[in-house]
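*Asks:* Once you've had a glance at the structure underneath, I'll fire off some questions.
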Amino acid sequence: MDSGGWSRRRFIGALAGGAAAAALPACDNTPAPTTTPTSAPEPSTSREARRPSGPRPLYLGTYASVEGGGKGIGLATYDTATGRISGAGTILGVGDPSYLAIHPDRGTLYAVDERDDGAVTAVRLSDRKVLGSRSTGGAAPCHLSVHPGGRWLLSANYGSGSVAVHPIDASGALGERTDLVRHTSPPPGPGQEGPHAHQFVTSPDGGHVLAVDLGTDTVYTYRLDEKAGTLTEVAQAHTRPGAGPRHLTFHPDGRYAYLANEADNTVAVCSYDKASGRVTVGEAQPTGTGSGTSYPAQILVTDDGRHAYLANRGHNSLTRYAVEADGARLRLLDTVPVGGDFPRQIAFSPEGTLLFAANQKSSTVTVFHVDKANGALRRAGESFPSPVAVCALPL
């Protein structure tokens, strides 16, 4: 394992200057969320139509194996009107759950275990029972996602630069890994000692799965055999050397995507060809953070495709972009302080009116109201203390 690369993403200032973490209680007295199983998400339903009422579940990822870290997956709720977060407990029995994902039927939660001997874990949400873990076949898995059909879990091993596929059975539990692909070509980019897979997601059309690799400066496109759970590489897209691509998100129409580059502090607009799965990376653009040291983390796009937001670690801000030309162009509008230290991950509430930022070094989660008209962000009260907060998943 490339310990130098892993330490860069996991521990880069993670403990220095961090605020004291307030641990969530280990018990959980709140009712488990009710779920209505479906075979897949309903893309035709708008976020406004899905707007929930009352307190909603919020799941929090952490590192349990570092000083000040949590003891498992944090449980909380949030108020959809005010954005206020309340602690509710902890799901124990999960190692280093640094990234979380939900099944399309909302019945099962999945977490990575970001350790040398990497694993992925399934948790049934009706009673918060841990359904078991499976090896990813690699080191330090840092991202996972569920294929839209709900039958396959995709995960990215940062430490070993590989991507894995696991089957999901009818109960939501995981089966043994069906494929593992290591990124051996092209060679590592400047300053890198090996591949570092950082994200593994499905394209909006469902025809391809894409892996973003920080170490090789490459976005890999695969076809997933939905019967066998195996991968076939069909294309590679290369950033400029040393960009260090970390996270990619698609415009709602699926023709364009936006790539956050960690190492050179830039973003890029990418075009996506549905037929071939080929991604074409555009010119690097500024993040609005100036000349200081800053590491872009995650980029999001609103449901209406009008605005994008980038989390900047180091500068400790959120950059707001206007999305123009039907998705083909980003125009930098402004940056706002995130209200925490080292925003590792950001996420929208299901209705898109709240944005959550998990701040690793300050051990906090901050919440913002999102103005649907102009995309402006407004802080929603005080930050919520959460030990080494590296992921926030609002449902």
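To be explicit about the labels: the chains of the structure tokens are called A, B, and onward in the order shown, and within each one the residues are counted from 1, while ligands get numbers from 1 in the order they are shown.
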Using only C-alpha atoms, which protein or nucleic acid residues come within 9 Å of segment 347-357 of chain A? Drop anything in the same chain fewer than 5 positions from it, and give the result as a PyMOL selection string.

*Replies:* chain A and resi 46-52+80-81+83+298+300+302-303+311+338+340+364-372+377+380+389-395

*Asks:* Near Pro141 of chain A, counting only C-alpha atoms, which residues have an atom at most 10 Å away, once you skip same-chain residues fewer than 2 positions from it, shown as a count of residues only?

*Replies:* 35

*Asks:* Calculated over only C-alpha atoms, which of the candidates A:Gln345, A:Asn374, A:Thr293, A:Thr108 has the smallest distance to Leu318 of chain A?

*Replies:*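 Residue with the minimum atom-to-atom distance to Leu318 of chain A: A:Gln345.
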
*Asks:* Report as a PyMOL selection string all protein, DNA and RNA residues lying within 12 Å of Ser386 of chain A, evaluated on only C-alpha atoms, omitting residues in the same chain fewer than 6 positions from it.

*Replies:* chain A and resi 18-25+58-64+68-76+85-90+340+357-366+392

*Asks:* Please return as a short mmCIF file (atom, residue, chain, number, x, y, z; two decimals) with N, CA, C and O atoms, in the first residue's frame: the residues of segment 22-270 of chain A that backbone DSSP assigns to strand (DSSP E).

*Replies:*
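What ended up in result.cif:
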data_model
loop_
_atom_site.label_atom_id
_atom_site.label_comp_id
_atom_site.auth_asym_id
_atom_site.auth_seq_id
_atom_site.Cartn_x
_atom_site.Cartn_y
_atom_site.Cartn_z
N PRO A 55 -38.67 15.79 11.57
CA PRO A 55 -37.27 15.36 11.65
C PRO A 55 -36.98 14.22 10.69
O PRO A 55 -37.78 13.30 10.52
N ARG A 56 -35.81 14.29 10.07
CA ARG A 56 -35.41 13.27 9.10
C ARG A 56 -34.08 12.66 9.54
O ARG A 56 -33.29 13.29 10.24
N PRO A 57 -33.78 11.41 9.14
CA PRO A 57 -32.53 10.77 9.55
C PRO A 57 -31.31 11.39 8.90
O PRO A 57 -31.34 11.82 7.74
N LEU A 58 -30.23 11.44 9.67
CA LEU A 58 -28.92 11.88 9.18
C LEU A 58 -27.90 10.88 9.70
O LEU A 58 -27.83 10.62 10.90
N TYR A 59 -27.10 10.31 8.79
CA TYR A 59 -26.06 9.34 9.16
C TYR A 59 -24.70 9.99 8.96
O TYR A 59 -24.47 10.71 7.98
N LEU A 60 -23.78 9.74 9.91
CA LEU A 60 -22.51 10.44 9.95
C LEU A 60 -21.34 9.47 9.92
O LEU A 60 -21.28 8.53 10.72
N GLY A 61 -20.42 9.69 9.00
CA GLY A 61 -19.23 8.86 8.89
C GLY A 61 -18.07 9.47 9.64
O GLY A 61 -17.97 10.69 9.82
N ILE A 73 -20.95 4.45 13.13
CA ILE A 73 -21.75 5.35 12.29
C ILE A 73 -22.62 6.21 13.20
O ILE A 73 -23.42 5.68 13.98
N GLY A 74 -22.46 7.51 13.11
CA GLY A 74 -23.25 8.41 13.94
C GLY A 74 -24.69 8.48 13.47
O GLY A 74 -24.98 8.50 12.26
N LEU A 75 -25.61 8.52 14.43
CA LEU A 75 -27.04 8.65 14.16
C LEU A 75 -27.50 10.02 14.61
O LEU A 75 -27.19 10.46 15.72
N ALA A 76 -28.25 10.70 13.77
CA ALA A 76 -28.79 12.01 14.12
C ALA A 76 -30.07 12.22 13.34
O ALA A 76 -30.46 11.41 12.50
N THR A 77 -30.75 13.31 13.65
CA THR A 77 -31.90 13.76 12.86
C THR A 77 -31.70 15.24 12.56
O THR A 77 -30.93 15.93 13.22
N TYR A 78 -32.41 15.72 11.54
CA TYR A 78 -32.34 17.14 11.22
C TYR A 78 -33.74 17.65 10.92
O TYR A 78 -34.61 16.91 10.44
N ASP A 79 -33.96 18.91 11.23
CA ASP A 79 -35.22 19.57 10.96
C ASP A 79 -35.18 20.15 9.55
O ASP A 79 -34.27 20.91 9.21
N ILE A 85 -29.65 20.07 13.68
CA ILE A 85 -29.31 18.66 13.84
C ILE A 85 -29.38 18.29 15.32
O ILE A 85 -28.94 19.05 16.19
N SER A 86 -29.92 17.10 15.59
CA SER A 86 -29.96 16.56 16.95
C SER A 86 -29.33 15.18 16.94
O SER A 86 -29.62 14.36 16.06
N GLY A 87 -28.48 14.90 17.92
CA GLY A 87 -27.83 13.59 18.01
C GLY A 87 -28.80 12.51 18.47
O GLY A 87 -29.73 12.78 19.24
N ALA A 88 -28.57 11.29 18.00
CA ALA A 88 -29.48 10.19 18.33
C ALA A 88 -28.79 8.90 18.71
O ALA A 88 -29.45 7.96 19.11
N GLY A 89 -27.47 8.80 18.57
CA GLY A 89 -26.78 7.58 18.96
C GLY A 89 -25.70 7.17 17.99
O GLY A 89 -25.22 7.98 17.17
N THR A 90 -25.33 5.91 18.04
CA THR A 90 -24.25 5.38 17.21
C THR A 90 -24.56 3.94 16.82
O THR A 90 -25.05 3.16 17.64
N ILE A 91 -24.29 3.59 15.58
CA ILE A 91 -24.34 2.19 15.15
C ILE A 91 -22.93 1.63 15.34
O ILE A 91 -21.98 2.04 14.67
N LEU A 100 -20.45 6.75 3.31
CA LEU A 100 -21.71 6.04 3.45
C LEU A 100 -22.53 6.18 2.17
O LEU A 100 -22.43 7.17 1.45
N ALA A 101 -23.38 5.19 1.91
CA ALA A 101 -24.30 5.23 0.78
C ALA A 101 -25.57 4.48 1.16
O ALA A 101 -25.55 3.58 2.00
N ILE A 102 -26.67 4.83 0.51
CA ILE A 102 -27.96 4.23 0.81
C ILE A 102 -28.45 3.42 -0.38
O ILE A 102 -28.21 3.78 -1.54
N THR A 108 -31.36 -0.16 3.37
CA THR A 108 -30.04 -0.62 3.81
C THR A 108 -29.01 0.48 3.62
O THR A 108 -28.98 1.15 2.58
N LEU A 109 -28.18 0.64 4.64
CA LEU A 109 -27.07 1.59 4.61
C LEU A 109 -25.78 0.82 4.39
O LEU A 109 -25.59 -0.25 4.96
N TYR A 110 -24.88 1.39 3.57
CA TYR A 110 -23.59 0.75 3.31
C TYR A 110 -22.47 1.69 3.73
O TYR A 110 -22.56 2.91 3.57
N ALA A 111 -21.41 1.11 4.27
CA ALA A 111 -20.26 1.88 4.75
C ALA A 111 -18.97 1.22 4.32
O ALA A 111 -18.88 -0.02 4.28
N VAL A 112 -17.97 2.04 4.00
CA VAL A 112 -16.63 1.50 3.81
C VAL A 112 -15.99 1.31 5.18
O VAL A 112 -16.37 1.95 6.16
N ASP A 113 -15.00 0.43 5.25
CA ASP A 113 -14.13 0.31 6.41
C ASP A 113 -12.73 0.65 5.90
O ASP A 113 -12.04 -0.19 5.33
N ALA A 119 -12.83 -3.21 3.75
CA ALA A 119 -14.09 -3.95 3.71
C ALA A 119 -15.24 -2.99 3.47
O ALA A 119 -15.10 -1.76 3.58
N VAL A 120 -16.39 -3.56 3.11
CA VAL A 120 -17.64 -2.82 3.01
C VAL A 120 -18.66 -3.53 3.89
O VAL A 120 -18.65 -4.76 3.99
N THR A 121 -19.53 -2.76 4.52
CA THR A 121 -20.47 -3.29 5.50
C THR A 121 -21.88 -2.85 5.17
O THR A 121 -22.10 -1.71 4.73
N ALA A 122 -22.86 -3.74 5.39
CA ALA A 122 -24.27 -3.43 5.18
C ALA A 122 -24.97 -3.35 6.54
O ALA A 122 -24.72 -4.16 7.42
N VAL A 123 -25.85 -2.35 6.70
CA VAL A 123 -26.63 -2.17 7.92
C VAL A 123 -28.10 -2.04 7.56
O VAL A 123 -28.47 -1.16 6.77
N ARG A 124 -28.94 -2.91 8.11
CA ARG A 124 -30.39 -2.83 7.89
C ARG A 124 -30.94 -1.70 8.75
O ARG A 124 -30.77 -1.67 9.96
N LYS A 129 -29.48 -3.29 12.38
CA LYS A 129 -28.70 -4.51 12.52
C LYS A 129 -27.60 -4.55 11.46
O LYS A 129 -27.86 -4.34 10.27
N VAL A 130 -26.36 -4.79 11.90
CA VAL A 130 -25.25 -4.95 10.97
C VAL A 130 -25.38 -6.32 10.30
O VAL A 130 -25.39 -7.35 10.96
N LEU A 131 -25.51 -6.33 8.97
CA LEU A 131 -25.74 -7.55 8.22
C LEU A 131 -24.47 -8.26 7.81
O LEU A 131 -24.53 -9.31 7.18
N GLY A 132 -23.33 -7.67 8.16
CA GLY A 132 -22.06 -8.31 7.83
C GLY A 132 -21.20 -7.46 6.93
O GLY A 132 -21.65 -6.48 6.34
N SER A 133 -19.93 -7.87 6.83
CA SER A 133 -18.95 -7.16 6.02
C SER A 133 -18.32 -8.10 5.01
O SER A 133 -18.27 -9.31 5.22
N ARG A 134 -17.83 -7.51 3.93
CA ARG A 134 -17.11 -8.27 2.90
C ARG A 134 -15.83 -7.53 2.54
O ARG A 134 -15.80 -6.30 2.47
N SER A 135 -14.79 -8.28 2.27
CA SER A 135 -13.52 -7.69 1.88
C SER A 135 -13.63 -7.03 0.51
O SER A 135 -14.27 -7.57 -0.41
N PRO A 141 -10.47 1.49 1.38
CA PRO A 141 -11.60 1.92 0.55
C PRO A 141 -12.17 3.23 1.08
O PRO A 141 -12.41 3.38 2.28
N CYS A 142 -12.37 4.20 0.19
CA CYS A 142 -12.78 5.54 0.62
C CYS A 142 -14.09 5.99 0.02
O CYS A 142 -14.60 7.05 0.37
N HIS A 143 -14.66 5.22 -0.91
CA HIS A 143 -15.92 5.62 -1.56
C HIS A 143 -16.68 4.37 -1.97
O HIS A 143 -16.09 3.34 -2.31
N LEU A 144 -18.00 4.47 -1.92
CA LEU A 144 -18.84 3.40 -2.43
C LEU A 144 -20.15 3.99 -2.90
O LEU A 144 -20.56 5.08 -2.50
N SER A 145 -20.82 3.28 -3.80
CA SER A 145 -22.12 3.69 -4.33
C SER A 145 -22.89 2.45 -4.72
O SER A 145 -22.31 1.38 -4.95
N VAL A 146 -24.20 2.59 -4.78
CA VAL A 146 -25.06 1.47 -5.17
C VAL A 146 -25.50 1.68 -6.61
O VAL A 146 -25.97 2.77 -6.98
N TRP A 152 -25.99 -4.22 -7.10
CA TRP A 152 -24.53 -4.25 -7.05
C TRP A 152 -24.02 -3.06 -6.24
O TRP A 152 -24.51 -1.93 -6.38
N LEU A 153 -23.00 -3.32 -5.42
CA LEU A 153 -22.31 -2.28 -4.67
C LEU A 153 -20.95 -2.05 -5.31
O LEU A 153 -20.19 -3.00 -5.54
N LEU A 154 -20.63 -0.79 -5.59
CA LEU A 154 -19.37 -0.41 -6.21
C LEU A 154 -18.51 0.31 -5.18
O LEU A 154 -18.99 1.20 -4.48
N SER A 155 -17.24 -0.07 -5.06
CA SER A 155 -16.37 0.57 -4.07
C SER A 155 -15.00 0.85 -4.67
O SER A 155 -14.54 0.16 -5.58
N ALA A 156 -14.35 1.90 -4.12
CA ALA A 156 -13.03 2.33 -4.59
C ALA A 156 -12.01 2.20 -3.47
O ALA A 156 -12.20 2.73 -2.38
N ASN A 157 -10.93 1.46 -3.74
CA ASN A 157 -9.83 1.27 -2.78
C ASN A 157 -8.74 2.30 -3.05
O ASN A 157 -7.98 2.17 -4.01
N SER A 162 -7.66 0.36 -6.68
CA SER A 162 -8.50 -0.63 -7.35
C SER A 162 -9.97 -0.35 -7.08
O SER A 162 -10.33 0.37 -6.15
N VAL A 163 -10.82 -0.96 -7.91
CA VAL A 163 -12.27 -0.86 -7.72
C VAL A 163 -12.85 -2.26 -7.62
O VAL A 163 -12.36 -3.21 -8.24
N ALA A 164 -13.91 -2.38 -6.82
CA ALA A 164 -14.49 -3.69 -6.53
C ALA A 164 -16.00 -3.66 -6.73
O ALA A 164 -16.64 -2.61 -6.65
N VAL A 165 -16.55 -4.85 -6.97
CA VAL A 165 -18.00 -5.02 -7.14
C VAL A 165 -18.47 -6.13 -6.21
O VAL A 165 -17.84 -7.20 -6.15
N HIS A 166 -19.55 -5.88 -5.47
CA HIS A 166 -20.16 -6.89 -4.61
C HIS A 166 -21.65 -7.02 -4.94
O HIS A 166 -22.32 -6.01 -5.19
N PRO A 167 -22.18 -8.23 -4.93
CA PRO A 167 -23.63 -8.41 -5.14
C PRO A 167 -24.41 -8.04 -3.89
O PRO A 167 -23.92 -8.18 -2.76
N ASP A 179 -15.82 -8.94 -8.64
CA ASP A 179 -14.73 -8.45 -9.49
C ASP A 179 -13.87 -7.47 -8.70
O ASP A 179 -14.33 -6.83 -7.74
N LEU A 180 -12.62 -7.39 -9.13
CA LEU A 180 -11.65 -6.45 -8.57
C LEU A 180 -10.70 -6.06 -9.69
O LEU A 180 -10.08 -6.93 -10.31
N VAL A 181 -10.61 -4.77 -9.99
CA VAL A 181 -9.74 -4.29 -11.07
C VAL A 181 -8.80 -3.24 -10.50
O VAL A 181 -9.24 -2.25 -9.91
N ARG A 182 -7.49 -3.46 -10.68
CA ARG A 182 -6.50 -2.48 -10.23
C ARG A 182 -6.08 -1.62 -11.40
O ARG A 182 -5.92 -2.09 -12.54
N ALA A 197 -7.59 5.02 -6.41
CA ALA A 197 -8.99 5.14 -6.79
C ALA A 197 -9.75 5.88 -5.70
O ALA A 197 -9.71 5.50 -4.53
N HIS A 198 -10.47 6.94 -6.09
CA HIS A 198 -11.11 7.79 -5.08
C HIS A 198 -12.63 7.81 -5.18
O HIS A 198 -13.31 8.28 -4.26
N GLN A 199 -13.18 7.33 -6.27
CA GLN A 199 -14.63 7.36 -6.44
C GLN A 199 -15.02 6.32 -7.48
O GLN A 199 -14.28 6.06 -8.44
N PHE A 200 -16.22 5.73 -7.31
CA PHE A 200 -16.72 4.74 -8.25
C PHE A 200 -18.24 4.91 -8.33
O PHE A 200 -18.95 4.62 -7.35
N VAL A 201 -18.74 5.41 -9.46
CA VAL A 201 -20.15 5.77 -9.59
C VAL A 201 -20.71 5.31 -10.93
O VAL A 201 -19.97 4.98 -11.86
N THR A 202 -22.03 5.35 -11.03
CA THR A 202 -22.74 4.98 -12.26
C THR A 202 -23.14 6.24 -13.01
O THR A 202 -23.58 7.23 -12.40
N VAL A 209 -20.10 2.57 -15.63
CA VAL A 209 -19.64 2.96 -14.29
C VAL A 209 -18.27 3.59 -14.45
O VAL A 209 -17.46 3.16 -15.28
N LEU A 210 -18.04 4.65 -13.65
CA LEU A 210 -16.83 5.44 -13.82
C LEU A 210 -16.04 5.50 -12.52
O LEU A 210 -16.61 5.69 -11.45
N ALA A 211 -14.73 5.32 -12.65
CA ALA A 211 -13.82 5.36 -11.51
C ALA A 211 -12.87 6.53 -11.67
O ALA A 211 -12.21 6.67 -12.71
N VAL A 212 -12.80 7.37 -10.65
CA VAL A 212 -11.89 8.53 -10.64
C VAL A 212 -10.65 8.14 -9.85
O VAL A 212 -10.75 7.75 -8.69
N ASP A 213 -9.47 8.26 -10.47
CA ASP A 213 -8.23 7.85 -9.82
C ASP A 213 -7.29 9.04 -9.68
O ASP A 213 -6.79 9.58 -10.68
N THR A 218 -6.61 10.00 -13.96
CA THR A 218 -7.44 9.34 -14.98
C THR A 218 -8.85 9.09 -14.46
O THR A 218 -9.05 8.77 -13.29
N VAL A 219 -9.82 9.23 -15.37
CA VAL A 219 -11.18 8.75 -15.14
C VAL A 219 -11.38 7.53 -16.03
O VAL A 219 -11.28 7.62 -17.26
N TYR A 220 -11.63 6.37 -15.41
CA TYR A 220 -11.81 5.11 -16.14
C TYR A 220 -13.30 4.85 -16.34
O TYR A 220 -14.10 5.02 -15.41
N THR A 221 -13.66 4.41 -17.54
CA THR A 221 -15.04 4.03 -17.82
C THR A 221 -15.12 2.52 -18.02
O THR A 221 -14.32 1.94 -18.79
N TYR A 222 -16.07 1.89 -17.33
CA TYR A 222 -16.27 0.45 -17.43
C TYR A 222 -17.72 0.16 -17.82
O TYR A 222 -18.62 0.95 -17.53
N ARG A 223 -17.90 -1.00 -18.43
CA ARG A 223 -19.24 -1.58 -18.54
C ARG A 223 -19.38 -2.62 -17.44
O ARG A 223 -18.48 -3.43 -17.23
N LEU A 224 -20.50 -2.60 -16.76
CA LEU A 224 -20.79 -3.58 -15.72
C LEU A 224 -21.73 -4.63 -16.26
O LEU A 224 -22.83 -4.31 -16.74
N ASP A 225 -21.30 -5.87 -16.24
CA ASP A 225 -22.18 -6.99 -16.59
C ASP A 225 -23.15 -7.18 -15.43
O ASP A 225 -22.75 -7.63 -14.35
N THR A 230 -19.25 -8.29 -13.31
CA THR A 230 -17.87 -8.12 -13.75
C THR A 230 -17.72 -6.83 -14.56
O THR A 230 -18.69 -6.32 -15.14
N LEU A 231 -16.49 -6.32 -14.61
CA LEU A 231 -16.20 -5.05 -15.25
C LEU A 231 -15.37 -5.23 -16.51
O LEU A 231 -14.45 -6.06 -16.54
N THR A 232 -15.67 -4.43 -17.52
CA THR A 232 -14.87 -4.38 -18.74
C THR A 232 -14.53 -2.93 -19.03
O THR A 232 -15.43 -2.08 -19.19
N GLU A 233 -13.24 -2.60 -19.06
CA GLU A 233 -12.85 -1.22 -19.34
C GLU A 233 -13.13 -0.88 -20.79
O GLU A 233 -12.78 -1.63 -21.70
N VAL A 234 -13.73 0.31 -21.01
CA VAL A 234 -14.05 0.73 -22.37
C VAL A 234 -13.41 2.06 -22.75
O VAL A 234 -13.32 2.40 -23.94
N ALA A 235 -12.95 2.85 -21.76
CA ALA A 235 -12.35 4.14 -22.10
C ALA A 235 -11.57 4.68 -20.91
O ALA A 235 -11.80 4.29 -19.76
N GLN A 236 -10.64 5.59 -21.21
CA GLN A 236 -9.91 6.34 -20.20
C GLN A 236 -9.92 7.82 -20.60
O GLN A 236 -9.81 8.15 -21.78
N ALA A 237 -10.07 8.68 -19.60
CA ALA A 237 -9.96 10.13 -19.82
C ALA A 237 -8.87 10.64 -18.89
O ALA A 237 -8.87 10.33 -17.70
N HIS A 238 -7.96 11.45 -19.43
CA HIS A 238 -6.81 11.90 -18.67
C HIS A 238 -6.88 13.40 -18.40
O HIS A 238 -7.17 14.20 -19.28
N PRO A 245 -7.33 14.12 -9.86
CA PRO A 245 -8.80 14.12 -9.82
C PRO A 245 -9.33 13.30 -8.65
O PRO A 245 -8.84 12.20 -8.38
N ARG A 246 -10.33 13.86 -7.97
CA ARG A 246 -10.84 13.24 -6.74
C ARG A 246 -12.32 12.88 -6.83
O ARG A 246 -12.73 11.81 -6.40
N HIS A 247 -13.13 13.78 -7.36
CA HIS A 247 -14.57 13.57 -7.32
C HIS A 247 -15.24 14.15 -8.56
O HIS A 247 -14.92 15.25 -9.00
N LEU A 248 -16.18 13.40 -9.12
CA LEU A 248 -16.90 13.79 -10.33
C LEU A 248 -18.40 13.71 -10.06
O LEU A 248 -18.88 12.77 -9.43
N THR A 249 -19.12 14.72 -10.56
CA THR A 249 -20.58 14.68 -10.44
C THR A 249 -21.18 15.12 -11.77
O THR A 249 -20.63 15.97 -12.47
N PHE A 250 -22.33 14.53 -12.12
CA PHE A 250 -22.95 14.78 -13.41
C PHE A 250 -23.99 15.89 -13.34
O PHE A 250 -24.68 16.07 -12.33
N TYR A 256 -22.89 16.33 -19.41
CA TYR A 256 -21.70 16.96 -18.86
C TYR A 256 -21.51 16.53 -17.41
O TYR A 256 -22.47 16.14 -16.73
N ALA A 257 -20.26 16.59 -16.98
CA ALA A 257 -19.93 16.29 -15.59
C ALA A 257 -18.86 17.27 -15.14
O ALA A 257 -18.18 17.90 -15.97
N TYR A 258 -18.68 17.39 -13.83
CA TYR A 258 -17.75 18.35 -13.25
C TYR A 258 -16.78 17.61 -12.34
O TYR A 258 -17.20 16.82 -11.50
N LEU A 259 -15.51 17.88 -12.56
CA LEU A 259 -14.45 17.11 -11.91
C LEU A 259 -13.67 18.01 -10.96
O LEU A 259 -13.15 19.06 -11.35
N ALA A 260 -13.59 17.60 -9.69
CA ALA A 260 -12.79 18.32 -8.70
C ALA A 260 -11.40 17.71 -8.65
O ALA A 260 -11.26 16.50 -8.43
N ASN A 261 -10.38 18.53 -8.85
CA ASN A 261 -8.99 18.07 -8.87
C ASN A 261 -8.32 18.49 -7.56
O ASN A 261 -8.09 19.69 -7.32
N THR A 266 -8.12 22.77 -8.76
CA THR A 266 -8.90 23.22 -9.91
C THR A 266 -10.17 22.38 -10.04
O THR A 266 -10.33 21.35 -9.39
N VAL A 267 -11.05 22.83 -10.93
CA VAL A 267 -12.18 22.03 -11.39
C VAL A 267 -12.15 22.00 -12.91
O VAL A 267 -11.48 22.84 -13.54
N ALA A 268 -12.86 21.06 -13.50
CA ALA A 268 -12.92 20.97 -14.96
C ALA A 268 -14.30 20.50 -15.38
O ALA A 268 -14.90 19.64 -14.72
N VAL A 269 -14.80 21.08 -16.47
CA VAL A 269 -16.04 20.60 -17.08
C VAL A 269 -15.69 19.48 -18.03
O VAL A 269 -14.77 19.60 -18.85
N CYS A 270 -16.41 18.37 -17.92
CA CYS A 270 -16.18 17.21 -18.78
C CYS A 270 -17.42 16.93 -19.61
O CYS A 270 -18.55 17.08 -19.13
#

*Asks:* Please determine, counting only C-alpha atoms, which residue among A:Thr82, A:Gln192, A:Arg329, A:Ala297 has the shortest atom-to-atom distance to Glu382 of chain A.

*Replies:*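 For Glu382 of chain A, the nearest of the given residues is A:Thr82.
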